[in-house]
Amino acid sequence: MLISERRTFITTRGYKYSFIYVPAKGDKPTLLFLHGFPSHADDWERQVAHFAPRGYGVIAPDLLGYGDTSKPDAVASYTFKGMSDDISEVLDHLQVSSVVGVGHDFGANFLGRLAAYHPARFTKLVFLAVGSGKPARKFDVEAIQQMTKQMAGFVMFGYMSWLGGEEDPHAILEEHAQSAMTLLFAADHGEWNTWFHPLGAMKEFVTEDKQLPVAAWYTPLMQDSHLAAFGAKDGYKGATRWYRMLITNSSVEEEEKAIAEAKLEQPSVIVADPRSMPPQMGMLAEWVPNLTPKELASGHWTHIECAEQVNQIIEDFVGSS
């Protein structure tokens with residue numbers, strides 16, 4: 001059953017955040033879960049169901065532009081600093097002084113920036129599937145795509161050029177939300193090499209309303225919740241603006257002023273599959289010195305596909321000294 005206990009809070013920027021909140025019991029820490037693309041708070045249901053009954057506090061927001069949280073138009077609203085300050089205000093509102101941060105995908109990238117801007121908030125950090133690159137570096141999507149083509153034989157991250165492009169495909173994605181979902185939660189991970197990573201492939205797949213079998217771990221209830229969020233008007237608006245923010249380097253100037261030399265000193269763990277681990281470790285190790293790798297035979301959606309193993313890794317890590 002999907003977790004549905006929600007609270008809302010309006011930040012000083014005027015944005016409403018919707019989030020799952022379960023207070024901690026006794027001296028148990030609180031875990032802050034940050035979702036990625038295209039996800040929302042309900043996709044942490046297996047973590048909420050594991051940690052809340054054990055007394056851990058849980059905060060799982062729909063991040064800016066997603067789900068029931070505000071969806072501003074301006075890309076400038078989605079800078080990492082602005083969104084970091086939003087989340088810090090949510091923690092203030094809940095009177096939670098410190099948390100263990102857990103981020104997946106784009107949420108893991110965001111976690112690094114959030115912890116850099118507000119280091120006192122975080123006792124430990126957990127990166128799932130994806131790391132977080134050192135701040136204040138410009139993102140050159142075309143150079144990265146060419147580099148991956150040379151190394152892997154095909155372009156990786158081709159989807160970014162469409163999602164973050166000037167044409168802004170959020171309305172197309174909303175119209176074909178079922179198609180997009182079957183690709184992004186496909187039963188066969190290998191389909192991403194055909195329809196997600198190559199340049200133009202995701203656009204073709206979605207606009208032609210192609211379909212793939214959905215993985216069994218993404219249950220019908222989770223699918224229904226996903227389609228209610230992303231098939232609605234503006235359901236994908238925030239998602240495309242996050243990518244536009246990244247591609248246009250909209251966060252870099254603020255990072256140069258405040259966190260260019262930041263290091264995340266907190267004990268940290270990266271959970272990823274063996275193939276993804278080396279580049280993710282390399283990206284994090286540059287500015288996260290106290291980092292432990294945990295390899296897991298999983299696809300991209302680690303916390304859903306391998307929920308029991310991921311939950312145990314997090315629980316062991318949180319309980320360690």
# chains A, B, ... in the order shown; residues from 1 in each chain; ligands from 1
>>> closest_atom_pairs(of="stretch 87-180 of chain A", to="stretch 29-43 of chain A", cutoff="9 Å", atoms="only C-alpha atoms", output="JSON lines")
{"residue": "A:Val96", "atom": "CA", "partner": "A:Thr30", "partner_atom": "CA", "distance": 7.9}
{"residue": "A:Ser98", "atom": "CA", "partner": "A:Thr30", "partner_atom": "CA", "distance": 7.5}
{"residue": "A:Val99", "atom": "CA", "partner": "A:Thr30", "partner_atom": "CA", "distance": 5.1}
{"residue": "A:Val100", "atom": "CA", "partner": "A:Leu31", "partner_atom": "CA", "distance": 4.8}
{"residue": "A:Gly101", "atom": "CA", "partner": "A:Leu32", "partner_atom": "CA", "distance": 5.0}
{"residue": "A:Val102", "atom": "CA", "partner": "A:Phe33", "partner_atom": "CA", "distance": 4.9}
{"residue": "A:Gly103", "atom": "CA", "partner": "A:Leu34", "partner_atom": "CA", "distance": 4.6}
{"residue": "A:His104", "atom": "CA", "partner": "A:Gly36", "partner_atom": "CA", "distance": 5.5}
{"residue": "A:Asp105", "atom": "CA", "partner": "A:Gly36", "partner_atom": "CA", "distance": 4.7}
{"residue": "A:Phe106", "atom": "CA", "partner": "A:Gly36", "partner_atom": "CA", "distance": 4.4}
{"residue": "A:Gly107", "atom": "CA", "partner": "A:Gly36", "partner_atom": "CA", "distance": 4.5}
{"residue": "A:Ala108", "atom": "CA", "partner": "A:Leu34", "partner_atom": "CA", "distance": 7.1}
{"residue": "A:Asn109", "atom": "CA", "partner": "A:Gly36", "partner_atom": "CA", "distance": 8.8}
{"residue": "A:Phe110", "atom": "CA", "partner": "A:Leu34", "partner_atom": "CA", "distance": 8.0}
{"residue": "A:Leu111", "atom": "CA", "partner": "A:Leu34", "partner_atom": "CA", "distance": 7.3}
>>> write_last_selection(atoms="C-alpha atoms", output="short mmCIF file (atom, residue, chain, number, x, y, z; two decimals), in the first residue's frame")
data_model
loop_
_atom_site.label_atom_id
_atom_site.label_comp_id
_atom_site.auth_asym_id
_atom_site.auth_seq_id
_atom_site.Cartn_x
_atom_site.Cartn_y
_atom_site.Cartn_z
CA VAL A 96 14.74 18.63 12.65
CA SER A 98 20.18 17.10 11.41
CA VAL A 99 19.48 14.19 9.09
CA VAL A 100 21.03 11.30 7.24
CA GLY A 101 20.72 12.24 3.57
CA VAL A 102 19.71 9.57 1.06
CA GLY A 103 19.56 10.52 -2.62
CA HIS A 104 18.88 8.57 -5.80
CA ASP A 105 19.72 9.58 -9.38
CA PHE A 106 19.29 13.37 -9.78
CA GLY A 107 18.39 13.40 -6.08
CA ALA A 108 21.86 12.04 -5.32
CA ASN A 109 23.43 14.82 -7.36
CA PHE A 110 21.26 17.30 -5.47
CA LEU A 111 22.20 15.71 -2.14
#
>>> residues_around(residues="A:Asn311", least_positions_apart="3", cutoff="12 Å", atoms="only C-alpha atoms", output="list in words")
Leu31, Trp44, Glu45, Arg46, Gln47, Val48, Ala49, His50, Phe51, Ala52, Arg54, Val102, Val126, Leu128, Val271, Thr302, His303, Ile304, Glu305, Cys306, Ala307, Glu308, Ile314, Glu315, Asp316, Phe317 and Val318 of chain A
>>> write_last_selection(atoms="N, CA and C atoms", output="mmCIF file, in the first residue's frame")
data_model
loop_
_atom_site.group_PDB
_atom_site.id
_atom_site.type_symbol
_atom_site.label_atom_id
_atom_site.label_comp_id
_atom_site.auth_asym_id
_atom_site.auth_seq_id
_atom_site.Cartn_x
_atom_site.Cartn_y
_atom_site.Cartn_z
ATOM 1 N N LEU A 31 15.890 10.259 8.495
ATOM 2 C CA LEU A 31 16.420 10.082 7.151
ATOM 3 C C LEU A 31 15.662 10.987 6.186
ATOM 4 N N TRP A 44 9.529 6.018 -2.529
ATOM 5 C CA TRP A 44 10.311 5.605 -1.359
ATOM 6 C C TRP A 44 9.485 4.734 -0.421
ATOM 7 N N GLU A 45 8.354 4.214 -0.875
ATOM 8 C CA GLU A 45 7.441 3.512 0.022
ATOM 9 C C GLU A 45 8.116 2.345 0.738
ATOM 10 N N ARG A 46 9.041 1.656 0.066
ATOM 11 C CA ARG A 46 9.673 0.493 0.702
ATOM 12 C C ARG A 46 10.694 0.913 1.757
ATOM 13 N N GLN A 47 11.214 2.120 1.625
ATOM 14 C CA GLN A 47 12.092 2.640 2.668
ATOM 15 C C GLN A 47 11.259 3.161 3.846
ATOM 16 N N VAL A 48 10.178 3.865 3.563
ATOM 17 C CA VAL A 48 9.312 4.351 4.641
ATOM 18 C C VAL A 48 8.772 3.171 5.441
ATOM 19 N N ALA A 49 8.320 2.137 4.733
ATOM 20 C CA ALA A 49 7.747 0.959 5.393
ATOM 21 C C ALA A 49 8.775 0.214 6.227
ATOM 22 N N HIS A 50 10.046 0.324 5.866
ATOM 23 C CA HIS A 50 11.108 -0.342 6.625
ATOM 24 C C HIS A 50 11.540 0.488 7.823
ATOM 25 N N PHE A 51 11.813 1.757 7.617
ATOM 26 C CA PHE A 51 12.457 2.563 8.650
ATOM 27 C C PHE A 51 11.488 3.158 9.663
ATOM 28 N N ALA A 52 10.308 3.583 9.241
ATOM 29 C CA ALA A 52 9.374 4.223 10.171
ATOM 30 C C ALA A 52 8.965 3.297 11.320
ATOM 31 N N ARG A 54 10.601 1.092 12.691
ATOM 32 C CA ARG A 54 11.775 0.872 13.548
ATOM 33 C C ARG A 54 12.163 2.119 14.323
ATOM 34 N N VAL A 102 19.742 10.704 1.988
ATOM 35 C CA VAL A 102 19.715 9.574 1.058
ATOM 36 C C VAL A 102 19.179 10.095 -0.271
ATOM 37 N N VAL A 126 24.127 9.075 1.861
ATOM 38 C CA VAL A 126 23.963 7.838 1.095
ATOM 39 C C VAL A 126 23.605 8.212 -0.341
ATOM 40 N N LEU A 128 22.653 6.720 -4.004
ATOM 41 C CA LEU A 128 22.143 5.507 -4.627
ATOM 42 C C LEU A 128 22.214 5.609 -6.142
ATOM 43 N N VAL A 271 26.033 3.304 -3.257
ATOM 44 C CA VAL A 271 25.494 1.987 -3.590
ATOM 45 C C VAL A 271 25.217 1.975 -5.089
ATOM 46 N N THR A 302 17.808 1.158 -7.679
ATOM 47 C CA THR A 302 18.308 0.284 -6.614
ATOM 48 C C THR A 302 17.336 0.155 -5.445
ATOM 49 N N HIS A 303 16.789 1.277 -4.989
ATOM 50 C CA HIS A 303 15.972 1.274 -3.765
ATOM 51 C C HIS A 303 14.616 0.627 -3.971
ATOM 52 N N ILE A 304 14.225 0.442 -5.238
ATOM 53 C CA ILE A 304 12.961 -0.239 -5.528
ATOM 54 C C ILE A 304 13.238 -1.687 -5.928
ATOM 55 N N GLU A 305 14.197 -1.879 -6.817
ATOM 56 C CA GLU A 305 14.524 -3.220 -7.305
ATOM 57 C C GLU A 305 15.056 -4.124 -6.193
ATOM 58 N N CYS A 306 15.916 -3.576 -5.375
ATOM 59 C CA CYS A 306 16.605 -4.357 -4.333
ATOM 60 C C CYS A 306 16.371 -3.696 -2.976
ATOM 61 N N ALA A 307 15.116 -3.472 -2.669
ATOM 62 C CA ALA A 307 14.774 -2.678 -1.484
ATOM 63 C C ALA A 307 15.328 -3.286 -0.200
ATOM 64 N N GLU A 308 15.216 -4.591 -0.035
ATOM 65 C CA GLU A 308 15.669 -5.209 1.216
ATOM 66 C C GLU A 308 17.166 -5.017 1.408
ATOM 67 N N ILE A 314 21.660 0.726 4.309
ATOM 68 C CA ILE A 314 21.442 2.024 4.961
ATOM 69 C C ILE A 314 21.364 1.857 6.473
ATOM 70 N N GLU A 315 20.614 0.853 6.942
ATOM 71 C CA GLU A 315 20.467 0.669 8.391
ATOM 72 C C GLU A 315 21.802 0.346 9.056
ATOM 73 N N ASP A 316 22.589 -0.518 8.426
ATOM 74 C CA ASP A 316 23.917 -0.840 8.961
ATOM 75 C C ASP A 316 24.808 0.388 8.988
ATOM 76 N N PHE A 317 24.748 1.162 7.921
ATOM 77 C CA PHE A 317 25.579 2.353 7.819
ATOM 78 C C PHE A 317 25.181 3.412 8.842
ATOM 79 N N VAL A 318 23.881 3.620 8.994
ATOM 80 C CA VAL A 318 23.404 4.609 9.976
ATOM 81 C C VAL A 318 23.784 4.205 11.388
#
>>> atom_distance(atom1="atom CA of A:His170", atom2="atom CA of A:Val130")
23.5 Å
>>> closest_residue(among="A:Ser250, A:Ser268, A:Gln312, A:Ser276", to="A:His300", atoms="only C-alpha atoms")
A:Ser276
>>> atom_distance(atom1="atom CA of A:Phe185", atom2="atom CA of A:Gln211")
10.9 Å
>>> select_by_dssp(residues="stretch 86-199 of chain A", states="strand (DSSP E)", output="PDB file with C-alpha atoms, in the first residue's frame")
ATOM      1  CA  VAL A  99      19.477  14.187   9.089  1.00  0.00           C
ATOM      2  CA  VAL A 100      21.032  11.300   7.235  1.00  0.00           C
ATOM      3  CA  GLY A 101      20.718  12.242   3.566  1.00  0.00           C
ATOM      4  CA  VAL A 102      19.715   9.574   1.058  1.00  0.00           C
ATOM      5  CA  GLY A 103      19.565  10.522  -2.620  1.00  0.00           C
ATOM      6  CA  HIS A 104      18.876   8.566  -5.797  1.00  0.00           C
ATOM      7  CA  PHE A 122      23.944  16.178   7.603  1.00  0.00           C
ATOM      8  CA  THR A 123      25.511  13.510   9.778  1.00  0.00           C
ATOM      9  CA  LYS A 124      25.902  10.931   7.005  1.00  0.00           C
ATOM     10  CA  LEU A 125      25.267  10.693   3.270  1.00  0.00           C
ATOM     11  CA  VAL A 126      23.963   7.838   1.095  1.00  0.00           C
ATOM     12  CA  PHE A 127      24.217   8.047  -2.696  1.00  0.00           C
ATOM     13  CA  LEU A 128      22.143   5.507  -4.627  1.00  0.00           C
TER      14      LEU A 128
END
>>> residues_around(residues="stretch 12-16 of chain A", least_positions_apart="5", cutoff="8 Å", atoms="only C-alpha atoms", output="list of chain:residue names")
A:Thr69, A:Ser70, A:Asp86
>>> residues_around(residues="A:Glu254", least_positions_apart="5", cutoff="12 Å", atoms="only C-alpha atoms", output="NGL selection string")
:A and (76 or 79-82 or 84 or 113 or 117 or 135-137 or 249 or 259-260)
>>> write_last_selection(atoms="C-alpha atoms", output="short mmCIF file (atom, residue, chain, number, x, y, z; two decimals), in the first residue's frame")
data_model
loop_
_atom_site.label_atom_id
_atom_site.label_comp_id
_atom_site.auth_asym_id
_atom_site.auth_seq_id
_atom_site.Cartn_x
_atom_site.Cartn_y
_atom_site.Cartn_z
CA ALA A 76 16.18 30.05 -12.43
CA THR A 79 19.12 26.25 -9.04
CA PHE A 80 20.71 23.91 -6.54
CA LYS A 81 21.16 26.75 -4.05
CA GLY A 82 17.54 27.83 -4.18
CA SER A 84 18.84 23.57 -1.04
CA ARG A 113 24.97 20.26 -3.33
CA TYR A 117 25.40 24.46 1.18
CA PRO A 135 30.52 21.87 -7.48
CA ALA A 136 31.22 24.91 -9.65
CA ARG A 137 32.16 22.94 -12.75
CA ASN A 249 24.82 25.64 -16.00
CA ILE A 259 30.88 26.04 -2.38
CA ALA A 260 33.57 25.78 -5.08
#
>>> select_by_dssp(residues="stretch 102-187 of chain A", states="alpha helix (DSSP H)", output="PyMOL selection string")
chain A and resi 106-117+141-152+158-163+170-175+177-184
>>> atom_distance(atom1="atom CA of A:Gly282", atom2="atom CA of A:Leu163")
25.7 Å
